[in-house]
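Structure file structure-v1.cif (mmCIF, C-alpha atoms and all ligand atoms) is printed below.
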```
data_data
#
loop_
_atom_site.label_atom_id
_atom_site.label_comp_id
_atom_site.auth_asym_id
_atom_site.auth_seq_id
_atom_site.Cartn_x
_atom_site.Cartn_y
_atom_site.Cartn_z
CA MET Z 1096 -22.66 -56.48 19.41
CA ALA Z 1097 -24.59 -55.97 22.66
CA LYS Z 1098 -28.07 -54.66 23.30
CA VAL Z 1099 -28.34 -51.51 25.41
CA THR Z 1100 -31.39 -49.55 26.54
CA PHE Z 1101 -31.43 -45.79 26.04
CA LYS Z 1102 -33.96 -43.67 27.92
CA VAL Z 1103 -34.42 -40.73 25.59
CA TRP Z 1104 -36.45 -37.62 26.38
CA ARG Z 1105 -39.26 -37.16 23.85
CA GLY Z 1106 -41.57 -34.18 23.85
CA ASP Z 1107 -41.77 -30.43 23.59
CA ALA Z 1108 -42.14 -27.47 25.96
CA GLN Z 1109 -45.74 -28.46 26.76
CA ALA Z 1110 -45.36 -32.14 27.58
CA GLY Z 1111 -42.95 -35.04 27.32
CA ALA Z 1112 -41.54 -38.17 28.90
CA PHE Z 1113 -38.61 -40.55 28.69
CA ARG Z 1114 -39.07 -43.37 26.20
CA ASP Z 1115 -37.04 -46.56 26.21
CA TYR Z 1116 -35.26 -47.72 23.06
CA GLU Z 1117 -33.20 -50.88 22.94
CA THR Z 1118 -30.54 -50.93 20.26
CA GLU Z 1119 -27.40 -52.82 19.35
CA VAL Z 1120 -24.07 -51.17 20.12
CA SER Z 1121 -20.51 -52.12 19.30
CA GLU Z 1122 -17.02 -51.18 20.43
CA GLY Z 1123 -15.95 -47.61 19.70
CA MET Z 1124 -19.45 -46.18 19.39
CA VAL Z 1125 -20.38 -42.85 20.94
CA VAL Z 1126 -23.84 -41.88 22.26
CA LEU Z 1127 -24.56 -39.96 19.04
CA ASP Z 1128 -24.01 -43.18 17.00
CA ALA Z 1129 -26.54 -45.02 19.15
CA LEU Z 1130 -29.07 -42.19 18.78
CA HIS Z 1131 -28.60 -42.20 15.02
CA ARG Z 1132 -29.26 -45.94 14.97
CA ILE Z 1133 -32.42 -45.42 17.07
CA GLN Z 1134 -33.47 -42.58 14.75
CA ALA Z 1135 -32.92 -44.73 11.64
CA GLN Z 1136 -34.60 -47.89 12.91
CA GLN Z 1137 -37.17 -46.95 15.56
CA ALA Z 1138 -37.84 -43.22 15.87
CA ASN Z 1139 -37.52 -41.39 12.54
CA ASP Z 1140 -38.95 -38.24 14.09
CA LEU Z 1141 -36.41 -38.00 16.94
CA ALA Z 1142 -35.08 -34.41 16.97
CA LEU Z 1143 -31.41 -33.96 17.79
CA ARG Z 1144 -28.80 -31.46 16.72
CA TRP Z 1145 -25.30 -32.30 15.52
CA ASN Z 1146 -22.92 -31.29 12.80
CA CYS Z 1147 -19.22 -32.19 12.98
CA LYS Z 1148 -19.17 -35.43 15.02
CA ALA Z 1149 -15.69 -34.38 16.06
CA GLY Z 1150 -16.22 -32.32 19.22
CA LYS Z 1151 -15.65 -29.05 17.40
CA CYS Z 1152 -19.00 -27.50 16.37
CA GLY Z 1153 -20.60 -27.50 19.83
CA SER Z 1154 -24.07 -28.39 18.52
CA CYS Z 1155 -24.67 -31.87 19.99
CA SER Z 1156 -24.78 -30.73 23.64
CA ALA Z 1157 -27.19 -32.67 25.84
CA GLU Z 1158 -27.22 -34.45 29.21
CA VAL Z 1159 -26.07 -38.07 29.39
CA ASN Z 1160 -26.92 -39.77 32.68
CA GLY Z 1161 -27.53 -36.27 34.06
CA VAL Z 1162 -24.10 -34.92 33.05
CA PRO Z 1163 -23.85 -32.09 30.47
CA SER Z 1164 -21.93 -33.73 27.62
CA LEU Z 1165 -21.22 -33.66 23.90
CA LEU Z 1166 -23.13 -36.61 22.41
CA CYS Z 1167 -20.43 -37.13 19.78
CA MET Z 1168 -17.60 -37.30 22.31
CA THR Z 1169 -19.22 -39.51 24.94
CA ARG Z 1170 -17.99 -43.04 24.31
CA LEU Z 1171 -20.33 -45.83 25.28
CA GLY Z 1172 -17.28 -47.55 26.76
CA SER Z 1173 -17.13 -44.80 29.40
CA LEU Z 1174 -20.70 -45.54 30.59
CA ARG Z 1175 -22.32 -48.39 32.50
CA LEU Z 1176 -24.26 -50.32 29.87
CA ASP Z 1177 -25.85 -52.89 32.17
CA GLN Z 1178 -28.42 -50.24 33.06
CA PRO Z 1179 -30.34 -47.77 30.84
CA VAL Z 1180 -28.40 -44.76 29.56
CA THR Z 1181 -30.50 -41.60 29.94
CA VAL Z 1182 -30.24 -38.88 27.31
CA GLU Z 1183 -32.10 -35.61 27.84
CA PRO Z 1184 -31.91 -32.02 26.56
CA LEU Z 1185 -29.96 -29.21 28.24
CA ARG Z 1186 -32.06 -28.03 31.16
CA THR Z 1187 -30.97 -24.40 31.29
CA PHE Z 1188 -32.49 -23.38 27.95
CA PRO Z 1189 -36.07 -23.60 26.61
CA LEU Z 1190 -36.93 -26.91 24.99
CA ILE Z 1191 -37.89 -26.92 21.31
CA ARG Z 1192 -38.36 -30.66 20.82
CA ASP Z 1193 -36.81 -33.91 22.09
CA LEU Z 1194 -33.07 -33.19 22.50
CA VAL Z 1195 -33.07 -29.77 20.83
CA THR Z 1196 -33.10 -26.60 22.93
CA ASP Z 1197 -33.24 -22.93 22.01
CA VAL Z 1198 -29.83 -21.50 22.90
CA SER Z 1199 -30.40 -18.12 21.20
CA TRP Z 1200 -30.25 -16.31 24.58
CA ASN Z 1201 -26.49 -16.87 24.41
CA TYR Z 1202 -26.19 -14.99 21.12
CA GLN Z 1203 -28.10 -12.05 22.60
CA VAL Z 1204 -25.74 -11.99 25.58
CA LYS Z 1205 -22.69 -11.95 23.30
CA LYS Z 1206 -24.00 -8.87 21.50
CA GLN Z 1207 -24.10 -6.97 24.81
CA ILE Z 1208 -20.37 -7.41 25.45
CA LYS Z 1209 -18.15 -4.54 24.30
CA LYS Z 1210 -16.26 -5.54 21.17
CA PHE Z 1211 -12.50 -5.85 20.66
CA LYS Z 1212 -10.94 -2.37 20.40
CA PRO Z 1213 -7.27 -2.57 19.41
CA ARG Z 1214 -4.73 0.21 19.95
CA PRO Z 1215 -3.58 2.00 16.78
CA PRO Z 1216 -1.45 -0.22 14.50
CA ASP Z 1217 2.23 -0.54 15.43
CA ALA Z 1218 3.49 -0.35 11.87
CA LYS Z 1219 2.78 1.88 8.90
CA ASP Z 1220 1.28 -1.04 6.96
CA GLY Z 1221 -1.58 -1.24 9.52
CA THR Z 1222 -0.29 -4.30 11.40
CA TRP Z 1223 0.51 -4.96 15.06
CA ARG Z 1224 3.34 -6.71 16.89
CA MET Z 1225 2.70 -9.06 19.80
CA ALA Z 1226 4.96 -11.35 21.80
CA GLN Z 1227 3.79 -14.97 22.05
CA ARG Z 1228 4.12 -14.89 25.85
CA ASP Z 1229 1.58 -12.05 25.94
CA ILE Z 1230 -1.07 -14.05 24.12
CA ASP Z 1231 -0.55 -17.46 25.75
CA ARG Z 1232 -3.36 -16.85 28.27
CA VAL Z 1233 -5.85 -15.69 25.66
CA GLN Z 1234 -5.19 -18.65 23.37
CA GLU Z 1235 -6.70 -21.00 25.94
CA PHE Z 1236 -9.94 -18.99 25.95
CA ARG Z 1237 -10.10 -18.96 22.15
CA LYS Z 1238 -10.49 -22.75 22.13
CA CYS Z 1239 -14.15 -22.33 23.18
CA ILE Z 1240 -16.55 -24.11 20.77
CA GLU Z 1241 -19.68 -22.46 22.22
CA CYS Z 1242 -21.25 -25.75 23.23
CA PHE Z 1243 -22.82 -23.99 26.25
CA LEU Z 1244 -22.32 -27.01 28.50
CA CYS Z 1245 -20.80 -24.66 31.09
CA GLN Z 1246 -23.86 -22.42 30.87
CA ASP Z 1247 -26.07 -25.50 31.32
CA VAL Z 1248 -24.35 -26.70 34.48
CA CYS Z 1249 -23.96 -23.31 36.21
CA HIS Z 1250 -26.43 -23.18 39.11
CA VAL Z 1251 -26.89 -19.41 38.72
CA LEU Z 1252 -28.61 -20.07 35.38
CA ARG Z 1253 -29.79 -23.66 35.82
CA GLU Z 1254 -31.40 -23.38 39.24
CA HIS Z 1255 -31.81 -19.66 39.89
CA HIS Z 1256 -32.68 -18.66 36.30
CA LEU Z 1257 -30.79 -15.36 36.56
CA HIS Z 1258 -30.40 -15.10 32.79
CA GLN Z 1259 -31.20 -11.38 32.88
CA GLU Z 1260 -28.53 -10.61 35.49
CA PHE Z 1261 -25.66 -13.01 34.81
CA ILE Z 1262 -23.91 -13.71 31.51
CA GLY Z 1263 -22.61 -17.13 32.60
CA PRO Z 1264 -19.18 -18.80 32.42
CA ARG Z 1265 -19.00 -18.99 28.62
CA PHE Z 1266 -19.22 -15.22 28.34
CA LEU Z 1267 -16.95 -14.56 31.29
CA VAL Z 1268 -14.40 -16.56 29.26
CA HIS Z 1269 -15.20 -14.35 26.27
CA VAL Z 1270 -14.74 -11.16 28.33
CA ALA Z 1271 -11.47 -12.55 29.71
CA ALA Z 1272 -10.23 -13.22 26.15
CA LEU Z 1273 -10.90 -9.58 25.30
CA GLU Z 1274 -9.72 -7.99 28.58
CA MET Z 1275 -6.46 -9.95 28.62
CA HIS Z 1276 -5.71 -9.42 24.94
CA PRO Z 1277 -2.47 -7.40 24.70
CA LEU Z 1278 -3.88 -5.09 21.97
CA ASP Z 1279 -7.29 -4.38 23.49
CA THR Z 1280 -7.90 -0.92 24.93
CA GLU Z 1281 -11.56 -1.26 25.99
CA ASP Z 1282 -12.64 -1.27 29.66
CA ARG Z 1283 -15.37 -3.78 30.56
CA LEU Z 1284 -14.97 -3.79 34.35
CA ALA Z 1285 -18.03 -1.64 35.16
CA GLU Z 1286 -20.22 -3.98 33.05
CA LEU Z 1287 -18.66 -7.06 34.62
CA LYS Z 1288 -19.65 -5.78 38.05
CA LYS Z 1289 -23.20 -4.72 37.16
CA ALA Z 1290 -24.79 -5.86 33.88
CA HIS Z 1291 -22.70 -9.03 33.52
CA GLY Z 1292 -23.21 -10.02 37.18
CA ILE Z 1293 -19.79 -11.55 37.90
CA GLY Z 1294 -20.56 -11.35 41.63
CA TYR Z 1295 -23.12 -14.15 41.27
CA CYS Z 1296 -20.35 -16.66 40.54
CA ASN Z 1297 -19.28 -18.32 43.75
CA ILE Z 1298 -16.44 -20.31 42.21
CA THR Z 1299 -18.01 -23.77 42.45
CA LYS Z 1300 -15.92 -24.81 39.39
CA CYS Z 1301 -18.73 -26.98 37.95
CA CYS Z 1302 -18.30 -25.14 34.63
CA THR Z 1303 -14.62 -26.05 34.44
CA LYS Z 1304 -15.40 -29.72 35.06
CA VAL Z 1305 -17.75 -30.07 32.06
CA CYS Z 1306 -15.79 -28.03 29.49
CA PRO Z 1307 -14.91 -30.36 26.58
CA GLU Z 1308 -12.04 -28.06 25.58
CA ASN Z 1309 -10.56 -28.28 29.09
CA ILE Z 1310 -10.54 -24.51 29.46
CA THR Z 1311 -9.69 -23.66 33.06
CA ILE Z 1312 -12.73 -21.39 33.18
CA THR Z 1313 -12.77 -20.58 36.87
CA ASP Z 1314 -9.09 -20.29 37.75
CA ASN Z 1315 -7.80 -18.67 34.56
CA ALA Z 1316 -10.77 -16.51 33.46
CA ILE Z 1317 -13.28 -15.82 36.22
CA ILE Z 1318 -10.98 -15.42 39.24
CA PRO Z 1319 -8.60 -12.96 37.49
CA LEU Z 1320 -11.63 -10.96 36.28
CA LYS Z 1321 -13.05 -10.90 39.81
CA GLU Z 1322 -9.67 -9.65 41.07
CA ARG Z 1323 -9.70 -6.85 38.51
CA VAL Z 1324 -13.21 -5.82 39.55
CA VAL Z 1325 -12.21 -5.84 43.23
CA ASP Z 1326 -9.06 -3.79 42.48
CA GLN Z 1327 -11.05 -1.28 40.48
CA PHE Z 1328 -14.06 -0.79 42.72
CA PHE Z 1329 -13.22 -1.93 46.23
CA ASP Z 1330 -9.46 -1.40 46.81
CA PRO Z 1331 -9.09 1.83 48.89
CA VAL Z 1332 -5.52 2.46 47.66
CA GLN Z 1333 -6.64 2.22 44.02
CA LYS Z 1334 -9.55 4.55 44.82
CA LEU Z 1335 -7.17 7.18 46.24
CA LEU Z 1336 -4.83 6.78 43.28
CA ARG Z 1337 -7.73 7.39 40.92
CA ILE Z 1338 -8.68 10.58 42.76
CA PHE Z 1339 -5.15 12.01 42.63
CA ARG Z 1340 -4.09 10.56 39.27
CA PRO Z 1341 -3.95 13.35 36.65
CA SER Z 1342 -6.59 12.71 33.97
S1 LIG Z 1401 -17.70 -21.41 39.00
FE1 LIG Z 1401 -19.12 -19.69 38.77
S2 LIG Z 1401 -19.64 -19.62 36.59
FE2 LIG Z 1401 -18.73 -21.66 37.03
S3 LIG Z 1401 -20.48 -22.98 37.47
FE3 LIG Z 1401 -19.78 -22.19 39.44
S4 LIG Z 1401 -21.00 -20.33 39.82
FE4 LIG Z 1401 -21.22 -20.86 37.61
S1 LIG Z 1402 -16.10 -22.56 27.79
FE1 LIG Z 1402 -16.01 -24.79 27.39
S2 LIG Z 1402 -18.00 -25.56 28.15
FE2 LIG Z 1402 -18.21 -23.35 27.93
S3 LIG Z 1402 -19.08 -23.02 25.90
FE3 LIG Z 1402 -16.83 -22.89 25.69
S4 LIG Z 1402 -16.16 -24.94 25.18
FE4 LIG Z 1402 -18.25 -25.13 25.94
S1 LIG Z 1403 -21.45 -32.87 16.55
FE1 LIG Z 1403 -20.06 -31.19 16.64
S2 LIG Z 1403 -19.45 -31.14 18.72
FE2 LIG Z 1403 -20.69 -32.93 18.57
#
```
Now that the file is in, can you turn its structure into structure tokens?
Amino acid sequence: MAKVTFKVWRGDAQAGAFRDYETEVSEGMVVLDALHRIQAQQANDLALRWNCKAGKCGSCSAEVNGVPSLLCMTRLGSLRLDQPVTVEPLRTFPLIRDLVTDVSWNYQVKKQIKKFKPRPPDAKDGTWRMAQRDIDRVQEFRKCIECFLCQDVCHVLREHHLHQEFIGPRFLVHVAALEMHPLDTEDRLAELKKAHGIGYCNITKCCTKVCPENITITDNAIIPLKERVVDQFFDPVQKLLRIFRPS
């Protein structure tokens, strides 16, 4: 057992400050374990959100030493413990209390994205046929646990607060999962260009670096979507083809 100091953000949207808590830690613990010990022994009213403690529900997102992280997957052994470990709420979303933020904006954004629209069934029993190689790309995107760490780190939302104009990396991944699905027939390119604001992304790749599911957000989702938007709206050959293509 060793004693470690945690600087934990306490407060609400009106006021708050970091408070120091010293607690005992042991090998194998994650930051969430230490916070639970602090909550049990020193700060019963500490608000934090968690559910699975297995990196799968996406609810324990916060910032550890300034890095957007899952509290349940951040091992103390990966941090320097000879200095205080800071734990603070996600910065990109409104604070409710302590480590809990209001991420409901994300659910509103998801509702604005055109839903999956499959082609008519391939077989009389109402089922479809797909080749595995055609869904390999989409399977990566479906690993998303909606932790919103990528939304938290993206400077377009975090620093420029363009929540009304940009859907953020999580939802560009969602659009990519729909657009690249072999059965989908919907067209979301006009929305990507305007309402979803894909042009705001300048490929810094910060979102990819923090994704706990290791989804290659920028290279596999955002860049191919940007290429589709460019092909559709800015490629002169495609424009001519559209004019002369029989409707
Ligand atoms: S690559 Fe784009 S979406 Fe990802 S963090 Fe950078 S600007 Fe945001
Ligand atoms: S893409 Fe990755 S970082 Fe973003 S919400 Fe999904 S799992 Fe979290
Ligand atoms: S508690 Fe579920 S991801 Fe951390």
| task | One decimal, Å: what's the distance from CA of Arg1283 (chain Z) over to CA of Lys1209 (chain Z), could you say? | result |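 Computing it gives 6.9 Å between the two atoms.
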Any chance you could work out the axis-aligned box around ligand LIG 1402 (chain Z), listed atoms only, 4 Å on each side, giving centre and edge lengths in Å to one decimal, as JSON?
```
{"center_x": -17.5, "center_y": -24.1, "center_z": 26.7, "size_x": 11.1, "size_y": 11.0, "size_z": 11.0}
```
| Interatomic distance between CA of Asp1326 (chain Z) and CA of Arg1214 (chain Z)? | 23.3 Å
Could you tell me, counting only C-alpha atoms and all ligand atoms, which protein and nucleic acid residues lie no more than 8 Å from ligand LIG 1403 (chain Z), written as a short mmCIF file (atom, residue, chain, number, x, y, z; two decimals) with C-alpha atoms, in the coordinates of the input?
```cif
data_model
loop_
_atom_site.label_atom_id
_atom_site.label_comp_id
_atom_site.auth_asym_id
_atom_site.auth_seq_id
_atom_site.Cartn_x
_atom_site.Cartn_y
_atom_site.Cartn_z
CA ARG Z 1144 -28.80 -31.46 16.72
CA TRP Z 1145 -25.30 -32.30 15.52
CA ASN Z 1146 -22.92 -31.29 12.80
CA CYS Z 1147 -19.22 -32.19 12.98
CA LYS Z 1148 -19.17 -35.43 15.02
CA ALA Z 1149 -15.69 -34.38 16.06
CA GLY Z 1150 -16.22 -32.32 19.22
CA LYS Z 1151 -15.65 -29.05 17.40
CA CYS Z 1152 -19.00 -27.50 16.37
CA GLY Z 1153 -20.60 -27.50 19.83
CA SER Z 1154 -24.07 -28.39 18.52
CA CYS Z 1155 -24.67 -31.87 19.99
CA SER Z 1156 -24.78 -30.73 23.64
CA LEU Z 1165 -21.22 -33.66 23.90
CA LEU Z 1166 -23.13 -36.61 22.41
CA CYS Z 1167 -20.43 -37.13 19.78
CA MET Z 1168 -17.60 -37.30 22.31
CA ILE Z 1240 -16.55 -24.11 20.77
CA CYS Z 1242 -21.25 -25.75 23.23
#
```
| task | Set the cut-off to 12 Å, count all atoms listed in the file, and list whatever residues fall near ligand LIG 1402 (chain Z) as a ChimeraX atom specification. | result | /Z:1150-1157,1163-1165,1198,1201-1202,1205,1235-1249,1262-1272,1300-1313,1315-1317
| said: Taking all atoms listed in the file into account, name the residue in Z:Met1225, Z:Val1233, Z:Ala1142, Z:Cys1296 that is nearest to ligand LIG 1401 (chain Z). | reply: Z:Cys1296
| request: For Val1325 (chain Z), please output as number ranges by chain all residues within 12 Å (counting all atoms listed in the file; exclusion window: fewer than 3 positions along the same chain). | output: Z: 1284-1285, 1287-1288, 1293-1294, 1318-1322, 1328-1334
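When all atoms listed in the file are used to compute distances to ligand LIG 1401 (chain Z), the closest of the residues Z:Arg1224, Z:Lys1098, Z:Lys1289, Z:His1255 turns out to be Z:His1255.
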| request: Go through Z:Asp1193, Z:Glu1122, Z:Arg1228, Z:Asp1107 one by one, measure the shortest atom-to-atom distance of each to Ser1173 (chain Z) using all atoms listed in the file, and give the residue with the smallest value. | output: Z:Glu1122
| field | Coordinates-based distance that separates CA of Ala1290 (chain Z) from CA of Gln1259 (chain Z) (Å, one decimal) | value |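 CA of Ala1290 (chain Z) lies 8.5 Å from CA of Gln1259 (chain Z).
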